[in-house]
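> My structure is stored as input-v6.cif, with mmCIF, C-alpha atoms.
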data_final
loop_
_atom_site.label_atom_id
_atom_site.label_comp_id
_atom_site.auth_asym_id
_atom_site.auth_seq_id
_atom_site.Cartn_x
_atom_site.Cartn_y
_atom_site.Cartn_z
CA MET A 6 65.81 16.22 284.38
CA PRO A 7 66.98 19.82 285.02
CA ASP A 8 66.83 21.26 288.52
CA VAL A 9 63.74 23.40 289.10
CA PRO A 10 64.17 26.42 291.41
CA PRO A 11 61.99 26.24 294.52
CA THR A 12 58.84 28.32 294.70
CA PHE A 13 59.36 31.11 297.22
CA PRO A 14 56.68 32.83 299.29
CA ASP A 15 56.21 36.56 298.94
CA LEU A 16 59.05 38.36 300.69
CA ASP A 17 58.26 40.46 303.74
CA LEU A 18 59.86 43.86 303.09
CA ARG A 19 60.40 44.36 306.81
CA LEU A 20 62.65 41.31 306.85
CA VAL A 21 64.49 42.52 303.77
CA ARG A 22 65.05 45.88 305.45
CA CYS A 23 66.46 44.11 308.54
CA PHE A 24 68.88 42.19 306.34
CA THR A 25 70.17 45.31 304.56
CA VAL A 26 70.78 47.10 307.87
CA VAL A 27 72.72 44.14 309.29
CA ALA A 28 74.69 43.94 306.03
CA GLU A 29 75.51 47.65 306.30
CA HIS A 30 76.69 47.47 309.93
CA ARG A 31 78.13 43.92 309.82
CA HIS A 32 77.11 43.70 313.48
CA PHE A 33 73.77 42.58 314.96
CA GLY A 34 74.02 44.85 318.01
CA ARG A 35 74.63 48.04 316.03
CA ALA A 36 72.01 47.03 313.46
CA ALA A 37 69.47 46.44 316.24
CA ASP A 38 70.17 49.92 317.62
CA ALA A 39 69.69 51.45 314.16
CA LEU A 40 66.36 49.63 313.76
CA HIS A 41 65.25 50.47 317.33
CA THR A 42 64.76 46.82 318.21
CA THR A 43 66.54 44.18 320.29
CA GLN A 44 69.30 41.91 319.09
CA PRO A 45 67.36 38.65 319.79
CA SER A 46 64.34 39.99 317.88
CA LEU A 47 66.54 41.00 314.96
CA SER A 48 68.20 37.57 314.92
CA ARG A 49 64.76 35.94 314.71
CA GLN A 50 63.79 38.19 311.81
CA ILE A 51 66.95 37.27 309.88
CA ARG A 52 66.43 33.54 310.52
CA ARG A 53 62.86 33.88 309.27
CA LEU A 54 64.09 35.54 306.07
CA GLU A 55 66.73 32.85 305.58
CA ARG A 56 64.05 30.14 305.98
CA GLN A 57 61.88 31.88 303.40
CA MET A 58 64.78 32.01 300.96
CA SER A 59 66.15 28.56 301.79
CA ALA A 60 69.62 30.10 302.00
CA CYS A 61 72.05 31.30 304.66
CA LEU A 62 72.65 35.01 304.10
CA LEU A 63 74.93 35.90 307.02
CA ASP A 64 77.83 34.23 308.78
CA ARG A 65 77.86 35.04 312.48
CA SER A 66 81.03 34.83 314.56
CA PRO A 67 82.46 36.43 317.74
CA ARG A 68 84.39 38.83 315.49
CA GLY A 69 81.26 40.12 313.78
CA THR A 70 78.98 39.30 310.88
CA GLU A 71 79.90 38.72 307.26
CA LEU A 72 77.82 38.12 304.15
CA THR A 73 77.73 34.63 302.69
CA GLU A 74 77.95 34.15 298.94
CA ALA A 75 74.16 34.09 298.85
CA GLY A 76 74.04 37.25 300.97
CA GLU A 77 76.46 39.06 298.63
CA ALA A 78 74.25 38.13 295.67
CA PHE A 79 71.05 39.18 297.44
CA LEU A 80 72.19 42.52 298.93
CA PRO A 81 72.13 44.76 295.81
CA LEU A 82 68.80 43.26 294.74
CA ALA A 83 67.40 43.73 298.24
CA ARG A 84 68.34 47.41 298.17
CA THR A 85 66.74 47.80 294.74
CA LEU A 86 63.60 46.07 296.01
CA LEU A 87 63.29 48.45 298.95
CA GLU A 88 63.90 51.49 296.74
CA SER A 89 61.26 50.30 294.27
CA ALA A 90 58.75 49.82 297.07
CA ALA A 91 59.51 53.30 298.42
CA ARG A 92 59.05 54.81 294.96
CA ALA A 93 55.75 53.01 294.49
CA MET A 94 54.41 54.30 297.80
CA THR A 95 55.71 57.82 297.16
CA HIS A 96 54.13 57.94 293.68
CA ALA A 97 50.79 56.79 295.09
CA TRP A 98 50.98 59.33 297.92
CA ALA A 99 51.87 62.13 295.51
CA ALA A 100 48.94 61.25 293.25
CA ALA A 101 46.62 61.38 296.25
CA GLN A 102 48.00 64.76 297.38
CA PRO A 103 47.74 66.97 294.28
CA LYS A 104 47.59 70.17 296.32
CA ARG A 105 50.97 69.84 297.98
CA ILE A 106 54.56 69.95 296.74
CA THR A 107 57.89 70.06 298.54
CA VAL A 108 60.84 71.64 296.74
CA GLY A 109 64.26 70.64 298.03
CA TYR A 110 67.46 72.60 297.45
CA THR A 111 71.08 72.13 298.47
CA THR A 112 73.97 74.40 299.44
CA ASN A 113 73.81 77.94 298.02
CA LEU A 114 71.16 77.18 295.41
CA ILE A 115 68.28 79.64 295.24
CA VAL A 116 64.83 78.35 294.30
CA THR A 117 62.82 81.36 295.50
CA PRO A 118 61.77 82.78 292.09
CA ALA A 119 60.26 79.50 290.87
CA VAL A 120 58.67 78.74 294.26
CA VAL A 121 57.07 82.19 294.47
CA GLU A 122 55.71 81.93 290.93
CA LEU A 123 54.30 78.44 291.57
CA ARG A 124 52.51 79.77 294.67
CA ARG A 125 51.17 82.73 292.70
CA ARG A 126 49.75 80.49 289.99
CA ASN A 127 48.35 77.94 292.48
CA PRO A 128 47.03 79.93 295.46
CA ASP A 129 45.27 76.88 296.95
CA THR A 130 48.43 74.76 296.86
CA GLU A 131 50.84 74.23 299.74
CA VAL A 132 54.32 74.84 298.29
CA ARG A 133 57.13 74.10 300.75
CA ALA A 134 60.85 74.71 300.25
CA VAL A 135 63.28 72.70 302.38
CA HIS A 136 67.06 72.72 302.58
CA LEU A 137 68.72 69.31 302.13
CA PRO A 138 72.25 68.18 302.97
CA TRP A 139 74.49 67.93 299.90
CA ASN A 140 74.40 64.11 299.93
CA GLN A 141 70.65 63.52 300.40
CA PRO A 142 68.79 64.67 297.25
CA ARG A 143 68.23 61.15 295.92
CA GLU A 144 67.19 59.71 299.28
CA ALA A 145 64.87 62.67 299.95
CA LEU A 146 63.09 62.08 296.64
CA LEU A 147 62.75 58.33 297.08
CA ASP A 148 61.50 58.49 300.67
CA GLY A 149 59.04 61.32 299.95
CA ARG A 150 60.67 64.18 301.87
CA ALA A 151 60.83 66.13 298.60
CA ASP A 152 59.00 65.98 295.28
CA VAL A 153 61.60 67.92 293.32
CA VAL A 154 65.16 68.92 294.18
CA VAL A 155 67.48 71.56 292.78
CA THR A 156 71.03 70.36 293.35
CA ARG A 157 74.37 69.82 291.66
CA LEU A 158 75.87 66.85 289.88
CA PRO A 159 77.21 64.30 290.43
CA LEU A 160 74.58 62.10 292.05
CA ARG A 161 73.18 58.61 291.52
CA THR A 162 70.39 58.87 288.96
CA GLU A 163 68.76 55.42 289.10
CA GLY A 164 65.02 55.93 289.45
CA LEU A 165 65.31 59.67 288.86
CA GLN A 166 64.70 62.12 286.04
CA VAL A 167 67.40 64.78 285.73
CA THR A 168 67.06 68.11 283.91
CA VAL A 169 70.13 70.33 283.53
CA LEU A 170 69.32 73.94 284.42
CA ARG A 171 72.68 75.65 283.92
CA GLU A 172 76.45 75.33 284.01
CA GLU A 173 78.73 76.75 286.70
CA SER A 174 82.47 77.12 286.35
CA ARG A 175 84.62 75.51 289.03
CA ILE A 176 86.89 77.64 291.19
CA LEU A 177 89.47 77.09 293.90
CA VAL A 178 88.91 78.17 297.53
CA VAL A 179 92.07 78.97 299.51
CA PRO A 180 92.83 80.81 302.75
CA LEU A 181 94.08 84.38 302.56
CA GLY A 182 97.84 84.35 302.57
CA HIS A 183 98.06 81.13 300.58
CA PRO A 184 100.70 81.30 297.79
CA LEU A 185 97.92 80.97 295.18
CA ALA A 186 95.54 83.49 296.75
CA ASP A 187 96.63 86.46 294.58
CA ARG A 188 96.83 84.59 291.28
CA ASP A 189 94.58 85.63 288.38
CA PHE A 190 93.85 81.94 287.81
CA VAL A 191 95.28 78.51 288.58
CA THR A 192 95.48 75.17 286.75
CA LEU A 193 95.59 71.59 287.97
CA ASP A 194 99.36 71.68 287.74
CA ASP A 195 99.40 74.50 290.29
CA ILE A 196 97.49 72.39 292.83
CA ALA A 197 99.09 69.03 292.06
CA ASP A 198 100.38 68.68 295.64
CA GLU A 199 97.66 70.55 297.52
CA PRO A 200 95.62 68.37 299.94
CA MET A 201 91.85 68.50 299.33
CA PRO A 202 88.99 67.45 301.61
CA ARG A 203 87.38 64.08 300.92
CA VAL A 204 83.79 62.92 301.50
CA PRO A 205 82.41 59.36 301.85
CA ASP A 206 81.04 59.46 298.27
CA PRO A 207 83.47 58.16 295.59
CA GLY A 208 81.58 59.80 292.73
CA TRP A 209 81.61 63.17 294.46
CA ASN A 210 85.33 62.83 295.19
CA ALA A 211 86.10 61.93 291.59
CA PHE A 212 84.42 65.09 290.29
CA TRP A 213 85.16 67.70 292.95
CA ARG A 214 88.70 66.55 293.72
CA ILE A 215 89.32 65.70 290.03
CA ASP A 216 90.58 62.32 291.16
CA PRO A 217 92.44 60.84 289.39
CA ARG A 218 94.09 63.78 287.66
CA PRO A 219 94.77 63.75 283.90
CA GLY A 220 97.52 61.22 283.37
CA GLY A 221 96.24 58.96 286.15
CA ARG A 222 97.91 60.52 289.18
CA PRO A 223 95.67 60.42 292.29
CA ALA A 224 94.64 63.69 293.91
CA PRO A 225 96.48 64.35 297.18
CA ASP A 226 94.66 63.05 300.23
CA GLY A 227 93.05 65.55 302.55
CA PRO A 228 90.84 65.48 305.65
CA LEU A 229 87.67 63.37 305.54
CA VAL A 230 84.59 65.59 306.04
CA GLU A 231 80.82 65.19 305.84
CA ASP A 232 79.61 68.77 306.21
CA VAL A 233 80.34 71.96 304.32
CA GLU A 234 81.14 73.69 307.61
CA ASP A 235 83.93 71.21 308.32
CA LYS A 236 85.35 71.72 304.84
CA ILE A 237 85.43 75.48 305.35
CA GLU A 238 87.15 75.06 308.73
CA HIS A 239 89.95 72.96 307.25
CA ILE A 240 90.47 75.47 304.43
CA ALA A 241 90.46 78.48 306.73
CA ALA A 242 92.97 76.73 309.01
CA GLY A 243 95.34 76.23 306.09
CA GLN A 244 94.99 72.44 306.10
CA ALA A 245 93.50 72.11 302.62
CA VAL A 246 92.20 73.86 299.52
CA ALA A 247 89.00 72.89 297.72
CA ILE A 248 87.38 72.99 294.30
CA VAL A 249 83.84 74.34 294.47
CA PRO A 250 81.22 75.68 292.05
CA ALA A 251 81.45 79.39 291.30
CA GLY A 252 77.96 79.79 292.78
CA GLU A 253 79.13 78.62 296.20
CA TYR A 254 80.16 81.91 297.74
CA LEU A 255 82.25 80.57 300.60
CA ASN A 256 84.38 83.71 300.82
CA ARG A 257 81.25 85.72 301.65
CA LEU A 258 80.23 83.34 304.38
CA ARG A 259 83.44 83.39 306.41
CA PRO A 260 86.36 85.82 306.72
CA GLY A 261 89.78 84.57 305.75
CA LEU A 262 88.86 82.79 302.51
CA THR A 263 89.21 83.81 298.89
CA THR A 264 88.55 82.19 295.53
CA VAL A 265 90.69 81.85 292.41
CA PRO A 266 89.40 80.86 288.93
CA LEU A 267 90.40 77.32 287.95
CA LYS A 268 91.27 76.95 284.28
CA GLY A 269 91.28 73.83 282.12
CA VAL A 270 88.49 71.89 283.87
CA THR A 271 84.94 71.11 282.79
CA PRO A 272 82.12 73.07 284.45
CA SER A 273 79.74 71.75 287.06
CA HIS A 274 75.98 71.52 286.45
CA VAL A 275 72.99 72.69 288.45
CA VAL A 276 70.13 70.27 287.88
CA LEU A 277 66.50 69.74 288.71
CA VAL A 278 65.76 66.18 289.86
CA THR A 279 62.44 64.38 290.23
CA ARG A 280 61.33 60.81 290.60
CA ALA A 281 61.23 59.00 287.26
CA GLY A 282 57.68 58.59 286.02
CA ASP A 283 56.21 61.10 288.47
CA HIS A 284 52.99 62.40 286.88
CA ASN A 285 52.21 64.99 289.55
CA GLN A 286 51.03 68.10 287.70
CA LEU A 287 52.68 70.37 290.27
CA VAL A 288 56.03 68.71 289.63
CA ARG A 289 55.64 69.30 285.89
CA ALA A 290 54.65 72.90 286.54
CA PHE A 291 57.68 73.51 288.77
CA ARG A 292 60.00 71.96 286.16
CA GLU A 293 58.73 74.45 283.57
CA LEU A 294 59.10 77.38 285.97
CA ALA A 295 62.60 76.29 286.98
CA GLY A 296 63.63 76.19 283.33
CA HIS A 297 62.54 79.82 283.04
CA HIS A 298 63.54 81.26 286.43
CA LEU A 299 66.53 79.19 287.55
CA ALA A 300 68.46 78.68 284.31
CA LEU A 301 70.48 81.86 284.93
CA PRO A 302 72.85 82.52 287.85
CA PRO A 303 71.12 84.46 290.68
CA GLY A 304 72.82 87.77 289.82
CA ASP A 305 71.54 87.62 286.24
CA ARG A 306 67.92 86.87 287.08
CA PRO A 307 65.09 89.41 287.08
CA THR A 308 63.80 90.27 290.55
CA VAL A 309 60.61 88.46 291.51
CA SER A 310 57.95 90.82 292.78
CA GLY A 311 57.24 90.36 296.46
CA SER A 312 60.30 88.22 297.24
CA THR A 313 63.86 88.74 298.37
CA PRO A 314 66.04 85.81 297.28
CA THR A 315 68.34 84.56 300.01
CA ARG A 316 71.25 82.16 300.06
CA SER A 317 70.37 78.69 301.17
CA PRO A 318 71.81 77.80 304.56
CA LEU A 319 74.85 75.58 304.79
#
Spit out the file's structure as structure tokens when you get a sec.


Amino acid sequence: MPDVPPTFPDLDLRLVRCFTVVAEHRHFGRAADALHTTQPSLSRQIRRLERQMSACLLDRSPRGTELTEAGEAFLPLARTLLESAARAMTHAWAAAQPKRITVGYTTNLIVTPAVVELRRRNPDTEVRAVHLPWNQPREALLDGRADVVVTRLPLRTEGLQVTVLREESRILVVPLGHPLADRDFVTLDDIADEPMPRVPDPGWNAFWRIDPRPGGRPAPDGPLVEDVEDKIEHIAAGQAVAIVPAGEYLNRLRPGLTTVPLKGVTPSHVVLVTRAGDHNQLVRAFRELAGHHLALPPGDRPTVSGSTPTRSPL
């Protein structure tokens, strides 16, 4: 007679969340700090989850905490479960709040024309615009901080709907005095040995460092950064060069930098991102306005009456 899987009780999402945080930190003390709880309480929560699942998920030792085979199998599904629950709650909240919308935007992307027009057409609606760090558009959408985000690819698109607004060529940022600073353009061969900043996102690195290069050679390692300001500092100090979108006017934001066109590479894309399946009428309205007002680079757009577009803060 074939084995029959046991019948499991409904999972407590709080316990699942505790497990994912411990799995991320691989340490009960640090995980407890992140969850604002105590280590004994967190240990009890994990044991309760393991009893529910009839499986040991974590191996504890004086050296730290490691995932068991069952824990490795459960972790990606646990993360998906938590994201699905967050999306469900956010969709319900958005449906119950039809008179409010939050528009997110990332570095040097201007949303003012579409935001102003949405306010004009919906005078009783609260339309907020918030700046988001470069690596948080997806999380901001899934946890409800934003209903729509204008950002740049690449980003993880699971659970999201992505609309391409426009292309932007990619350029090279170098410090003044760099051997390439006065060139009319450069190619990948010209920067084959130039160190470039890295971020903790492999997909972002692959696109913005062009790593690996055509032919399979890895891009030269550069300093690890998490903020645009740190990237600019390393470039200005002569420690690195960087590939950025042409719309990211770093040379206007700090003295000592200049840009050079980069030939032979595919363009980047400015996109509008929403939660997949979001039926909020304000989101649909903003998507239509963005297609009209944000599909052109800022310098090519008509001026919106009553507004002065500004660069987004870094």

> Give me, as an MDAnalysis selection string, all polymer residues having an atom no more than 9 Å from region 45-61 of chain A, counting all atoms listed in the file and skipping those fewer than 5 positions away in the same chain.

chainID A and resid 11 13:17 19:21 23:24 27 33:34 36:37 40 72:76

> Please evaluate the PyMOL selection byres ((chain A and resi 205) around 8) against the structure above and give the resulting residues as a short mmCIF file (atom, residue, chain, number, x, y, z; two decimals) with C-alpha atoms, in the frame of the given file.


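The resulting file, selection17.cif, is reproduced below:
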data_model
loop_
_atom_site.label_atom_id
_atom_site.label_comp_id
_atom_site.auth_asym_id
_atom_site.auth_seq_id
_atom_site.Cartn_x
_atom_site.Cartn_y
_atom_site.Cartn_z
CA ARG A 203 87.38 64.08 300.92
CA VAL A 204 83.79 62.92 301.50
CA ASP A 206 81.04 59.46 298.27
CA PRO A 207 83.47 58.16 295.59
CA LEU A 229 87.67 63.37 305.54
CA VAL A 230 84.59 65.59 306.04
CA GLU A 231 80.82 65.19 305.84
#

> Provide the CA of Leu165 (chain A) to CA of Phe79 (chain A) distance in Å, to one decimal place.

22.9 Å

> I'd like the contact shell of Thr70 (chain A) - 6 Å cut-off, all atoms listed in the file, skipping same-chain residues fewer than 5 positions apart - returned as a PDB file with C-alpha atoms, in the frame of the given file.


ATOM      1  CA  ARG A  31      78.130  43.920 309.820  1.00  0.00           C
ATOM      2  CA  HIS A  32      77.110  43.700 313.480  1.00  0.00           C
ATOM      3  CA  ASP A  64      77.830  34.230 308.780  1.00  0.00           C
ATOM      4  CA  ARG A  65      77.860  35.040 312.480  1.00  0.00           C
TER       5      ARG A  65
END

> If we count only C-alpha atoms, what is near Ile106 (chain A) at a cut-off of 8 Å, once residues fewer than 4 positions away on the same chain are taken out, given as a PyMOL selection string?

chain A and resi 130-133+151-152+287-288

> So what does the PyMOL selection byres ((chain A and resi 89) around 12) actually pick up in this one, as a ChimeraX atom specification?

/A:18,82-88,90-96,147-148,163-165,280-281

> What box, with edges along x, y and z, holds each listed atom of region 64-68 of chain A when 4 Å is added on every side, and can you state its centre and edge lengths in Å to one decimal, as JSON?


{"center_x": 81.1, "center_y": 36.5, "center_z": 313.3, "size_x": 14.6, "size_y": 12.6, "size_z": 17.0}

> Which residues, written as a PyMOL selection string, have at least one atom at most 8 Å from Trp139 (chain A), with only C-alpha atoms counted and residues fewer than 3 positions away on the same chain left out?

chain A and resi 111-112+142+156

> Check which residues satisfy the PyMOL selection byres ((chain A and resi 170) around 9) in the file shown, then give them as a PyMOL selection string.

chain A and resi 155+168-169+171-172+274-277+295-296+299-301

> Rounded to one decimal in Å, what is the spacing between CA of Arg289 (chain A) and CA of Leu158 (chain A)?

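Going from CA of Arg289 (chain A) over to CA of Leu158 (chain A), I get 20.8 Å.
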
> Go ahead and find all residues with at least one atom no further than 7 Å from (82.9, 73.3, 292.4) in the file's coordinates, using only C-alpha atoms; report them as a ChimeraX atom specification.

/A:175-176,213,248-251,273

> Give me the residues within 12 Å of Thr192 (chain A) as a VMD selection string, counting only C-alpha atoms and dropping any in the same chain fewer than 2 places off.

chain A and resid 175 to 177 185 188 to 190 194 to 197 199 215 218 to 219 248 265 to 271

> What is the distance, in Å and to one decimal place, between CA of Gly261 (chain A) and CA of Pro180 (chain A)?

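Result for CA of Gly261 (chain A) versus CA of Pro180 (chain A): 5.7 Å, one decimal.
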
> Let me make sure I understand: among A:Gly243, A:Pro118, A:Gly282, A:Pro272, which one has the smallest atom-to-atom distance to Gly182 (chain A) if we use all atoms listed in the file?

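Looking at the shortest contact to Gly182 (chain A), the residue is A:Gly243.
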